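Colleague: So I've got this file, input.txt, and it contains compact mmCIF, C-alpha atoms:
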# COMPACT_ATOMS: atom_id res chain seq x y z
CA MET M 1 -73.96 -82.47 47.01
CA THR M 2 -75.95 -81.53 44.00
CA GLY M 3 -75.67 -84.81 42.20
CA GLY M 4 -75.28 -85.41 38.54
CA GLY M 5 -76.94 -83.22 35.98
CA VAL M 6 -77.30 -80.30 38.32
CA SER M 7 -75.89 -76.97 37.23
CA GLY M 8 -73.26 -75.27 39.30
CA ASN M 9 -75.49 -72.26 39.49
CA ASP M 10 -77.76 -74.26 41.68
CA MET M 11 -75.10 -74.36 44.38
CA PRO M 12 -76.13 -72.30 47.34
CA SER M 13 -74.03 -69.30 48.14
CA LEU M 14 -72.32 -70.16 51.40
CA PRO M 15 -71.17 -67.16 53.44
CA TRP M 16 -68.05 -68.99 54.63
CA THR M 17 -64.97 -67.32 55.90
CA ALA M 18 -61.88 -68.81 57.37
CA ARG M 19 -61.98 -66.54 60.39
CA GLN M 20 -65.54 -66.58 61.55
CA ASP M 21 -64.52 -66.07 65.16
CA VAL M 22 -62.63 -62.85 64.50
CA SER M 23 -64.04 -59.68 63.09
CA PRO M 24 -61.70 -57.46 61.06
CA ALA M 25 -62.23 -54.64 63.50
CA GLU M 26 -60.82 -56.76 66.31
CA ASP M 27 -57.81 -57.73 64.23
CA THR M 28 -56.37 -54.26 63.99
CA PRO M 29 -55.16 -53.79 67.58
CA LEU M 30 -53.97 -57.38 67.76
CA GLU M 31 -52.01 -57.02 64.58
CA SER M 32 -50.61 -53.75 65.83
CA LEU M 33 -49.45 -55.45 69.01
CA LEU M 34 -47.86 -58.30 67.09
CA ALA M 35 -46.14 -55.88 64.75
CA GLY M 36 -44.59 -54.15 67.75
CA ASN M 37 -46.42 -50.90 67.26
CA GLY M 38 -48.09 -50.93 70.63
CA LEU M 39 -51.71 -50.58 71.42
CA PRO M 40 -53.49 -48.24 69.03
CA ALA M 41 -55.75 -45.52 70.26
CA GLY M 42 -59.30 -46.64 70.87
CA ALA M 43 -58.32 -50.23 71.55
CA GLY M 44 -60.13 -52.19 74.19
CA VAL M 45 -59.05 -51.88 77.80
CA GLU M 46 -58.78 -55.64 78.08
CA LEU M 47 -55.79 -55.55 75.77
CA ARG M 48 -53.78 -53.22 77.94
CA PRO M 49 -52.33 -55.99 80.16
CA VAL M 50 -51.45 -57.86 76.99
CA ALA M 51 -49.53 -54.84 75.74
CA ASP M 52 -47.70 -54.73 79.06
CA VAL M 53 -46.77 -58.40 78.74
CA LEU M 54 -45.43 -57.87 75.25
CA SER M 55 -43.52 -54.85 76.44
CA ALA M 56 -41.96 -56.94 79.18
CA LEU M 57 -40.99 -59.52 76.58
CA THR M 58 -38.99 -56.90 74.73
CA ALA M 59 -37.37 -55.33 77.75
CA HIS M 60 -33.64 -54.77 78.01
CA PRO M 61 -31.62 -57.91 78.43
CA GLY M 62 -30.55 -59.14 81.81
CA GLY M 63 -27.11 -60.28 82.81
CA ASP M 64 -27.84 -63.95 82.44
CA GLU M 65 -28.95 -63.37 78.89
CA LEU M 66 -25.48 -62.11 78.06
CA ALA M 67 -23.57 -64.84 79.82
CA GLY M 68 -22.83 -66.86 76.71
CA LEU M 69 -20.95 -64.11 74.95
CA THR M 70 -17.51 -65.41 75.88
CA ALA M 71 -18.18 -68.87 74.53
CA ALA M 72 -19.72 -67.48 71.37
CA ARG M 73 -16.77 -65.20 70.78
CA ALA M 74 -14.37 -68.04 71.33
CA GLU M 75 -16.23 -70.10 68.79
CA PHE M 76 -16.23 -67.17 66.42
CA SER M 77 -12.52 -66.64 66.86
CA ARG M 78 -11.84 -70.29 66.23
CA ARG M 79 -13.99 -70.68 63.15
CA VAL M 80 -14.23 -67.26 61.52
CA ALA M 81 -11.57 -64.92 62.80
CA ALA M 82 -8.70 -67.37 62.53
CA PRO M 83 -9.35 -68.65 59.00
CA VAL M 84 -9.66 -65.09 57.79
CA GLN M 85 -5.89 -64.89 57.69
CA VAL M 86 -5.82 -67.82 55.34
CA ARG M 87 -8.47 -66.20 53.23
CA GLN M 88 -6.54 -62.96 53.08
CA SER M 89 -3.46 -64.89 52.18
CA ARG M 90 -5.33 -66.59 49.39
CA ARG M 91 -6.72 -63.28 48.28
CA TRP M 92 -3.25 -61.80 48.26
CA ARG M 93 -1.97 -64.74 46.34
CA SER M 94 -4.75 -64.42 43.85
CA PHE M 95 -3.64 -60.89 43.13
CA GLY M 96 0.05 -61.58 43.61
CA LEU M 97 2.84 -63.22 41.80
CA VAL M 98 2.22 -66.70 43.01
CA SER M 99 -1.13 -67.02 41.38
CA ARG M 100 -0.80 -65.01 38.23
CA LEU M 101 2.86 -65.23 37.36
CA GLY M 102 3.98 -68.12 39.47
CA VAL M 103 1.83 -70.68 37.79
CA ARG M 104 2.78 -69.43 34.38
CA LEU M 105 6.43 -69.36 35.29
CA VAL M 106 6.30 -72.87 36.60
CA ALA M 107 4.51 -74.04 33.49
CA ALA M 108 6.96 -72.26 31.23
CA ALA M 109 9.90 -73.66 33.15
CA ALA M 110 8.46 -77.14 32.89
CA ILE M 111 8.01 -76.74 29.15
CA VAL M 112 11.53 -75.42 28.75
CA VAL M 113 12.99 -78.25 30.77
CA MET M 114 11.04 -80.80 28.82
CA GLY M 115 12.09 -79.18 25.56
CA PHE M 116 15.74 -79.21 26.49
CA GLY M 117 15.44 -82.78 27.58
CA CYS M 118 13.90 -83.85 24.33
CA ALA M 119 16.42 -81.82 22.36
CA ALA M 120 19.29 -83.36 24.27
CA ALA M 121 17.93 -86.82 23.69
CA ALA M 122 17.55 -86.11 20.01
CA ALA M 123 21.04 -84.67 19.90
CA TYR M 124 22.59 -87.72 21.47
CA ALA M 125 20.61 -89.87 19.12
CA GLY M 126 21.96 -87.87 16.20
CA ALA M 127 18.51 -87.01 15.01
CA LEU M 128 18.91 -83.26 14.84
CA PRO M 129 19.61 -81.29 11.69
CA THR M 130 23.24 -80.74 10.93
CA ALA M 131 23.52 -77.21 12.20
CA TRP M 132 21.69 -78.05 15.36
CA GLN M 133 23.69 -81.18 15.80
CA GLN M 134 26.90 -79.17 15.52
CA PHE M 135 25.64 -76.78 18.11
CA ALA M 136 24.69 -79.63 20.38
CA HIS M 137 28.10 -81.12 19.84
CA ARG M 138 29.76 -77.91 20.91
CA THR M 139 27.55 -77.30 23.87
CA ILE M 140 26.71 -80.64 25.36
CA GLY M 141 29.11 -82.92 23.60
CA ALA M 142 26.60 -84.64 21.41
CA PRO M 143 28.01 -86.64 18.50
CA VAL M 144 28.45 -84.84 15.24
CA HIS M 145 27.08 -85.82 11.90
CA GLY M 146 29.46 -87.92 9.87
CA ALA M 147 31.65 -88.89 12.79
CA PRO M 148 32.91 -92.43 12.92
CA HIS M 149 30.66 -94.76 14.73
CA GLU M 150 33.11 -95.55 17.41
CA THR M 151 33.76 -91.89 18.00
CA ARG M 152 30.11 -91.19 18.18
CA ALA M 153 29.65 -94.06 20.51
CA VAL M 154 32.25 -92.96 22.94
CA THR M 155 31.68 -89.27 22.72
CA GLY M 156 28.01 -89.74 22.93
CA ALA M 157 28.38 -91.61 26.13
CA ALA M 158 31.21 -89.78 27.76
CA GLY M 159 30.74 -86.32 26.37
CA SER M 160 34.01 -84.86 27.60
CA ALA M 161 36.79 -82.79 26.24
CA ALA M 162 38.69 -85.89 25.28
CA HIS M 163 36.05 -86.68 22.71
CA ARG M 164 36.03 -83.43 20.90
CA PRO M 165 36.63 -83.52 17.18
CA SER M 166 40.04 -81.96 17.67
CA SER M 167 41.14 -84.94 19.64
CA SER M 168 43.14 -87.19 17.41
CA ARG M 169 43.24 -90.01 19.84
CA PRO M 170 41.07 -92.93 18.87
CA ALA M 171 38.20 -93.34 21.12
CA TYR M 172 38.88 -96.91 21.96
CA GLN M 173 42.17 -95.87 23.49
CA THR M 174 40.58 -93.87 26.17
CA ARG M 175 40.46 -96.85 28.44
CA SER M 176 44.21 -96.83 28.82
CA GLY M 177 44.03 -94.26 31.52
CA THR M 178 44.34 -91.13 29.49
CA GLY M 179 40.68 -90.82 28.93
CA PRO M 180 38.24 -88.97 31.00
CA ALA M 181 38.17 -89.71 34.62
CA GLY M 182 35.61 -89.20 37.20
CA HIS M 183 32.71 -90.70 35.35
CA GLY M 184 30.61 -93.24 37.01
CA TYR M 185 31.13 -95.71 34.28
CA ARG M 186 33.36 -96.05 31.32
CA PRO M 187 31.77 -96.53 27.98
CA HIS M 188 33.60 -98.79 25.70
CA THR M 189 33.08 -100.59 22.51
CA LYS M 190 33.61 -104.21 22.82
CA PRO M 191 37.13 -104.91 21.71
CA ARG M 192 37.70 -107.48 19.16
CA LEU M 193 40.83 -109.40 19.61
CA HIS M 194 43.30 -109.08 16.80
CA ALA M 195 41.10 -106.65 15.09
CA ALA M 196 40.89 -103.03 14.27
CA PRO M 197 38.37 -100.83 15.95
CA PRO M 198 34.89 -102.25 15.67
CA THR M 199 33.01 -101.49 12.54
CA GLY M 200 29.55 -102.40 13.65
CA ARG M 201 27.06 -100.04 14.98
CA PRO M 202 28.57 -98.38 18.02
CA PHE M 203 27.05 -99.34 21.23
CA MET M 204 27.85 -98.44 24.73
CA ARG M 205 28.96 -101.32 26.86
CA LEU M 206 30.41 -101.67 30.23
CA VAL M 207 34.00 -102.72 30.34
CA ARG M 208 34.52 -106.38 30.74
CA PRO M 209 38.01 -107.68 31.03
CA PRO M 210 38.89 -110.60 28.83
CA ILE M 211 39.26 -113.95 30.37
CA PHE M 212 41.93 -115.35 28.13
CA PRO M 213 43.82 -113.66 25.47
CA SER M 214 43.86 -115.46 22.22
CA GLY M 215 46.55 -118.13 22.13
CA GLY M 216 47.50 -117.48 25.71
CA ARG M 217 49.45 -114.40 24.84
CA TRP M 218 48.75 -110.79 25.11
CA PRO M 219 48.33 -108.98 21.89
CA PRO M 220 51.16 -106.69 20.94
CA VAL M 221 50.83 -103.11 21.96
CA GLY M 222 50.69 -100.78 19.06
CA ASN M 223 48.58 -98.30 17.28
CA ASN M 224 44.93 -99.03 17.10
CA THR M 225 45.21 -101.87 19.48
CA PHE M 226 43.59 -102.27 22.75
CA ARG M 227 45.47 -101.93 25.99
CA TRP M 228 44.32 -104.45 28.42
CA PRO M 229 44.01 -103.29 31.95
CA ALA M 230 47.02 -103.96 34.02
CA ARG M 231 45.15 -105.85 36.63
CA THR M 232 43.77 -108.33 34.17
CA GLU M 233 45.61 -111.50 34.77
CA GLN M 234 45.62 -114.96 33.53
CA ILE M 235 43.91 -117.49 35.64
CA ALA M 236 43.74 -121.16 35.68
CA PRO M 237 41.07 -122.89 33.63
CA GLY M 238 39.31 -124.23 36.67
CA ALA M 239 39.09 -120.94 38.47
CA SER M 240 35.82 -119.23 38.87
CA VAL M 241 35.35 -116.18 36.76
CA SER M 242 33.16 -113.27 37.43
CA ASN M 243 32.48 -111.25 34.35
CA ALA M 244 29.10 -109.95 35.08
CA GLY M 245 29.87 -106.64 33.53
CA SER M 246 31.81 -105.11 36.34
CA MET M 247 35.30 -103.74 36.58
CA ARG M 248 36.27 -106.21 39.17
CA GLY M 249 37.48 -108.64 36.58
CA VAL M 250 38.74 -111.94 37.67
CA SER M 251 38.16 -113.22 41.10
CA MET H 1 -44.71 -48.07 73.67
CA LEU H 2 -42.79 -51.27 72.97
CA VAL H 3 -39.05 -51.11 73.31
CA ARG H 4 -37.61 -53.55 70.87
CA ILE H 5 -34.44 -55.32 71.71
CA LEU H 6 -34.37 -57.03 68.35
CA GLY H 7 -35.66 -55.93 65.02
CA ALA H 8 -34.51 -52.95 63.05
CA VAL H 9 -31.82 -52.42 65.63
CA PHE H 10 -29.15 -52.03 62.99
CA GLY H 11 -31.28 -50.82 60.13
CA GLU H 12 -29.13 -49.50 57.33
CA GLU H 13 -26.07 -50.31 59.35
CA PHE H 14 -26.74 -54.03 59.27
CA PRO H 15 -25.00 -54.91 55.96
CA ALA H 16 -21.79 -53.28 57.13
CA VAL H 17 -21.93 -55.01 60.50
CA LEU H 18 -22.65 -58.35 58.89
CA ALA H 19 -19.89 -57.92 56.34
CA ALA H 20 -17.44 -57.04 59.08
CA ALA H 21 -18.46 -60.09 61.08
CA GLN H 22 -18.12 -62.28 58.03
CA GLY H 23 -14.70 -60.77 57.49
CA GLY H 24 -13.60 -61.83 60.95
CA SER H 25 -14.35 -58.77 63.04
CA GLU H 26 -15.02 -59.94 66.55
CA ALA H 27 -16.49 -56.58 67.51
CA ALA H 28 -19.05 -56.83 64.72
CA PHE H 29 -19.93 -60.35 65.74
CA THR H 30 -20.32 -59.18 69.31
CA ARG H 31 -22.80 -56.57 68.17
CA LEU H 32 -24.80 -59.18 66.33
CA TRP H 33 -24.73 -61.46 69.32
CA LEU H 34 -25.73 -58.79 71.81
CA ASP H 35 -28.61 -57.81 69.60
CA ALA H 36 -29.95 -61.28 68.98
CA ASN H 37 -29.08 -63.48 71.92
CA PRO H 38 -31.50 -62.04 74.53
CA ALA H 39 -34.43 -62.45 72.18
CA LEU H 40 -33.18 -65.86 71.23
CA LEU H 41 -33.01 -66.92 74.85
CA ARG H 42 -36.51 -65.65 75.57
CA TYR H 43 -37.85 -67.54 72.62
CA LEU H 44 -36.04 -70.68 73.68
CA ARG H 45 -37.16 -70.34 77.29
CA VAL H 46 -40.72 -70.62 76.11
CA ILE H 47 -40.38 -73.47 73.64
CA ALA H 48 -37.60 -75.35 75.48
CA PRO H 49 -37.44 -74.07 79.05
CA GLU H 50 -35.11 -76.80 80.34
CA THR H 51 -32.46 -76.53 77.67
CA ALA H 52 -32.74 -72.94 76.53
CA GLU H 53 -29.14 -71.99 77.28
CA ASP H 54 -27.74 -75.12 75.68
CA ALA H 55 -29.90 -74.66 72.64
CA ALA H 56 -28.80 -71.04 72.35
CA ALA H 57 -25.15 -72.02 72.54
CA GLU H 58 -25.63 -74.71 69.92
CA THR H 59 -27.47 -72.22 67.78
CA TRP H 60 -24.58 -69.81 67.85
CA VAL H 61 -22.13 -72.54 67.04
CA GLN H 62 -24.23 -73.38 64.02
CA VAL H 63 -24.56 -69.75 63.07
CA VAL H 64 -20.84 -69.14 63.35
CA ARG H 65 -20.18 -72.12 61.10
CA GLY H 66 -22.44 -70.75 58.40
CA LEU H 67 -21.79 -67.07 58.93
CA ARG H 68 -19.57 -66.65 55.90
CA ARG H 69 -22.11 -68.26 53.62
CA PHE H 70 -25.05 -66.22 54.85
CA ARG H 71 -26.53 -63.75 52.38
CA GLY H 72 -29.49 -61.57 53.19
CA ASP H 73 -30.79 -58.54 55.00
CA GLU H 74 -31.54 -58.07 58.65
CA ALA H 75 -34.91 -59.79 58.49
CA ALA H 76 -33.33 -62.77 56.75
CA TRP H 77 -30.62 -62.81 59.41
CA ARG H 78 -33.15 -62.98 62.21
CA ALA H 79 -35.19 -65.58 60.38
CA TRP H 80 -32.08 -67.70 59.88
CA LEU H 81 -31.10 -67.32 63.51
CA PHE H 82 -34.45 -68.36 64.88
CA THR H 83 -34.88 -71.12 62.34
CA THR H 84 -31.56 -72.53 63.44
CA ALA H 85 -32.59 -72.26 67.07
CA ARG H 86 -35.87 -74.01 66.44
CA ARG H 87 -34.12 -76.83 64.65
CA ARG H 88 -31.66 -77.16 67.51
CA VAL H 89 -34.57 -77.51 69.91
CA ILE H 90 -36.20 -80.15 67.75
CA ASP H 91 -32.94 -82.07 67.48
CA ALA H 92 -32.38 -81.82 71.22
CA SER H 93 -35.85 -83.07 72.00
CA ARG H 94 -35.27 -86.02 69.70
CA ARG H 95 -31.98 -86.76 71.43
CA ARG H 96 -33.57 -86.54 74.82
CA SER H 97 -36.28 -88.93 73.78
CA ARG H 98 -33.57 -91.46 72.95
CA HIS H 99 -31.11 -90.79 75.77
CA ARG H 100 -32.08 -89.65 79.20
CA GLU H 101 -29.52 -87.24 80.60
CA GLU H 102 -28.95 -85.86 84.03
CA PRO H 103 -28.83 -82.06 84.02
CA LEU H 104 -25.67 -80.41 85.25
CA HIS H 105 -25.62 -78.15 88.25
CA ASP H 106 -26.41 -74.55 87.58
CA ALA H 107 -23.62 -72.06 87.53
CA PRO H 108 -23.18 -70.17 90.80
CA ALA H 109 -24.88 -66.82 91.03
CA GLU H 110 -21.63 -65.00 91.57
CA ALA H 111 -20.42 -66.24 88.21
CA MET H 112 -23.12 -64.30 86.43
CA PRO H 113 -22.24 -60.87 85.14
CA VAL H 114 -23.59 -58.02 87.18
CA THR H 115 -24.98 -54.90 85.57
CA ALA H 116 -24.80 -51.42 87.00
CA ASP H 117 -28.28 -51.08 88.35
CA ALA H 118 -29.09 -54.47 89.75
CA ALA H 119 -32.34 -53.40 91.43
CA ASP H 120 -33.87 -52.03 88.27
CA GLU H 121 -32.71 -55.01 86.37
CA ALA H 122 -34.24 -57.34 88.92
CA MET H 123 -37.59 -55.62 88.61
CA GLU H 124 -37.34 -55.69 84.87
CA ARG H 125 -36.25 -59.27 84.86
CA LEU H 126 -39.15 -60.15 87.06
CA GLY H 127 -41.49 -58.68 84.48
CA THR H 128 -39.73 -60.47 81.64
CA GLN H 129 -39.76 -63.78 83.48
CA SER H 130 -43.41 -63.35 84.32
CA ALA H 131 -44.18 -62.60 80.71
CA ILE H 132 -42.27 -65.67 79.60
CA ALA H 133 -44.13 -67.74 82.17
CA LEU H 134 -47.42 -66.40 80.91
CA LEU H 135 -46.61 -67.19 77.32
CA SER H 136 -45.58 -70.68 78.34
CA GLU H 137 -49.20 -71.28 79.29
CA LEU H 138 -50.32 -70.73 75.74
CA PRO H 139 -50.42 -73.50 73.17
CA ARG H 140 -47.05 -74.00 71.55
CA LEU H 141 -47.97 -72.60 68.15
CA GLN H 142 -49.60 -69.48 69.57
CA ALA H 143 -46.72 -68.79 71.90
CA GLU H 144 -44.21 -69.29 69.11
CA VAL H 145 -46.03 -66.97 66.79
CA ILE H 146 -46.22 -64.23 69.41
CA LEU H 147 -42.57 -64.56 70.30
CA LEU H 148 -41.35 -64.69 66.74
CA ARG H 149 -43.38 -61.69 65.78
CA VAL H 150 -42.87 -59.57 68.87
CA VAL H 151 -39.47 -60.60 70.17
CA ALA H 152 -37.75 -61.65 66.98
CA GLY H 153 -39.43 -58.96 64.94
CA LEU H 154 -40.35 -61.24 62.03
CA ASP H 155 -43.31 -60.53 59.83
CA THR H 156 -46.15 -62.92 59.21
CA ASN H 157 -44.70 -64.46 56.08
CA ALA H 158 -41.33 -65.08 57.66
CA VAL H 159 -42.94 -66.72 60.66
CA ALA H 160 -45.06 -68.83 58.36
CA ARG H 161 -41.99 -70.05 56.50
CA LEU H 162 -40.17 -70.71 59.75
CA LEU H 163 -43.01 -72.71 61.25
CA GLY H 164 -44.05 -74.41 58.04
CA ARG H 165 -47.55 -72.98 58.21
CA SER H 166 -49.59 -70.75 55.97
CA PRO H 167 -49.54 -67.02 56.64
CA GLY H 168 -53.23 -67.14 57.43
CA ALA H 169 -52.73 -69.85 60.00
CA VAL H 170 -49.92 -67.88 61.56
CA ARG H 171 -52.03 -64.74 61.72
CA ILE H 172 -54.91 -66.59 63.32
CA ALA H 173 -52.63 -68.30 65.80
CA GLY H 174 -51.15 -64.97 66.83
CA HIS H 175 -54.48 -63.32 67.33
CA ARG H 176 -55.86 -66.25 69.25
CA GLY H 177 -52.83 -66.29 71.41
CA LEU H 178 -53.17 -62.63 72.29
CA ARG H 179 -56.84 -63.02 73.09
CA ARG H 180 -56.14 -66.04 75.20
CA LEU H 181 -53.43 -64.12 76.98
CA ALA H 182 -55.87 -61.33 77.66
CA GLU H 183 -58.33 -63.83 79.09
CA ILE H 184 -55.68 -65.28 81.37
CA LEU H 185 -54.64 -61.88 82.60
CA ASN H 186 -58.16 -60.66 83.17
CA ARG H 187 -59.17 -63.84 84.93
CA ALA H 188 -56.17 -63.78 87.24
CA GLY H 189 -56.08 -60.04 87.66
CA VAL H 190 -52.35 -60.08 86.91
CA THR H 191 -50.52 -56.84 86.63
CA LEU H 192 -46.89 -56.84 85.69
Just dump the structure as structure tokens.
Modeller:
Amino acid sequence: MTGGGVSGNDMPSLPWTARQDVSPAEDTPLESLLAGNGLPAGAGVELRPVADVLSALTAHPGGDELAGLTAARAEFSRRVAAPVQVRQSRRWRSFGLVSRLGVRLVAAAAIVVMGFGCAAAAAYAGALPTAWQQFAHRTIGAPVHGAPHETRAVTGAAGSAAHRPSSSRPAYQTRSGTGPAGHGYRPHTKPRLHAAPPTGRPFMRLVRPPIFPSGGRWPPVGNNTFRWPARTEQIAPGASVSNAGSMRGVS
Amino acid sequence: MLVRILGAVFGEEFPAVLAAAQGGSEAAFTRLWLDANPALLRYLRVIAPETAEDAAAETWVQVVRGLRRFRGDEAAWRAWLFTTARRRVIDASRRRSRHREEPLHDAPAEAMPVTADAADEAMERLGTQSAIALLSELPRLQAEVILLRVVAGLDTNAVARLLGRSPGAVRIAGHRGLRRLAEILNRAGVTL
């Protein structure tokens, strides 16, 4: 407008307002009507019908304007009133045992169970200190320190009264029928024919009946010898043999 | 002079009523609904005369969904309510522009609730309907500003936020609308 090099002071003072069509004096009654204060005193007569129209707009509601209440209440009951019970329940739980104590109890129980499990595993592995190992031996039948390997092997697997230290019966004799019954499996160290109890590292094995006794004869029954199961029988060389680790023996 | 049906109806009682409604009180929600729905319907009958009832119902569904999350005073409550209604109308108009729908038959007259003094109500309703019809002749923005300020009881700034206009534009639109309304009434010689 002024071009370059012209000072801003040269700009003409424009008497511009955003509301040139409305004088402030006329605004007052209109604003009063819009604010819901009615027509002020001294307002123009031409605004009186307008005040009546606005009054009619704010009249008491008619019946058809209240017809949707049932549907709105149903929606409210479905979405707000019904879940409030859940919220109250959650609130109760947040102040109750389930939230504050229950979680802690469950966590503590889980820790205790895991601790006992680890301790039991260590006890059966013989990795506990001596005093603890003795306690584990008394309580859960874990092997004791210094016990013979075969004893530890059997007692560690069976864990019954027959394997207590007071029992003088060799562990490998428990298969003869005097051992513990009712277990799902029978631990046993692999018998060595014509040999004393095994001296290697004890290991739990499932019972497998022998196919042939050495020399075609049964070993003599005596102390520290193995009693073969009565149902083990000699079979012909060409017969099929199932020794897949089960108690079924020879088929 | 003006008898408000909405706006400062609850006053200091509003927070307790709102909290009760948010807590699941059906009676408190009913109070809120009875206070707001007539004004809501009148507003909707001007800006969406064909689908005012449907838009009001959809508005309340939306309001009920968000009722627990609402935080604010009575003015904020009314602003939220009418903002939701306006958005419902805009969404409905967009849907209608995509899918033409046949309107359902109106509910029978006997299904409508009947108030105690039906004659007075009829006269009053006639005035209200005439006023709504008169406002429908105004440009949309002017009619909306008048309704939101007078019927909903919102102030200029709240209406400006609701309509996405400046407060000055809202003020001018309201004043122009009232003057235009006066011209229409004087020209027609209408008396309510």
Colleague: So, with only C-alpha atoms as the atoms that count, which of M:Gly126, M:Pro143, M:Gly117, M:Gly62 lies closest to chain H?
Modeller: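 Distance minimum relative to chain H lands on M:Gly62.
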Colleague: Between H:Val170, H:Val46, H:Ala55, H:Arg68, which residue has the minimum interatomic distance to Ile90 in chain H, considering only C-alpha atoms?
Modeller: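 The closest residue to Ile90 in chain H is H:Ala55.
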Colleague: Up to 8 Å from chain H, what residues of chain M turn up? Count all atoms listed in the file and give them as number ranges by chain.
Modeller: M: 19, 27, 30-31, 33-39, 46-47, 49-50, 52-69, 71-73, 75-77, 79-82, 84
Colleague: Quick one: residues within 8 Å of Glu74 in chain H, all atoms listed in the file counted, chain neighbours fewer than 2 positions away excluded, as a list in words?
Modeller: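 In the requested form, the answer reads Gly7, Ala8, Phe10, Gly11, Phe14, Pro15, Gly72, Ala76, Trp77 and Arg78 of chain H.
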Colleague: How many Å separate CA of Ser166 in chain H from CA of Glu137 in chain H?
Modeller: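 CA of Glu137 in chain H lies 23.3 Å from CA of Ser166 in chain H.
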Colleague: For CA of Ala188 in chain H and CA of Ala52 in chain H, quote the distance in Å rounded to one decimal.
Modeller: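 Taking CA of Ala188 in chain H as the start and CA of Ala52 in chain H as the end point, the length is 27.3 Å.
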Colleague: Counting only C-alpha atoms, which of H:Ala28, H:Val159, H:Leu18, H:Leu44 gets nearest to Phe70 in chain H?
Modeller: H:Leu18
Colleague: Using all atoms listed in the file, find the one residue out of M:Ala43, M:Ala120, M:Arg104, M:Ser32 that sits nearest to Trp132 in chain M.
Modeller: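 Counting all atoms listed in the file, the residue closest to Trp132 in chain M is M:Ala120.
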Colleague: Could you state the separation of CA of Arg45 in chain H and CA of Ala143 in chain H in Å, given to one decimal place?
Modeller: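 Distance between the two atoms: 11.1 Å.
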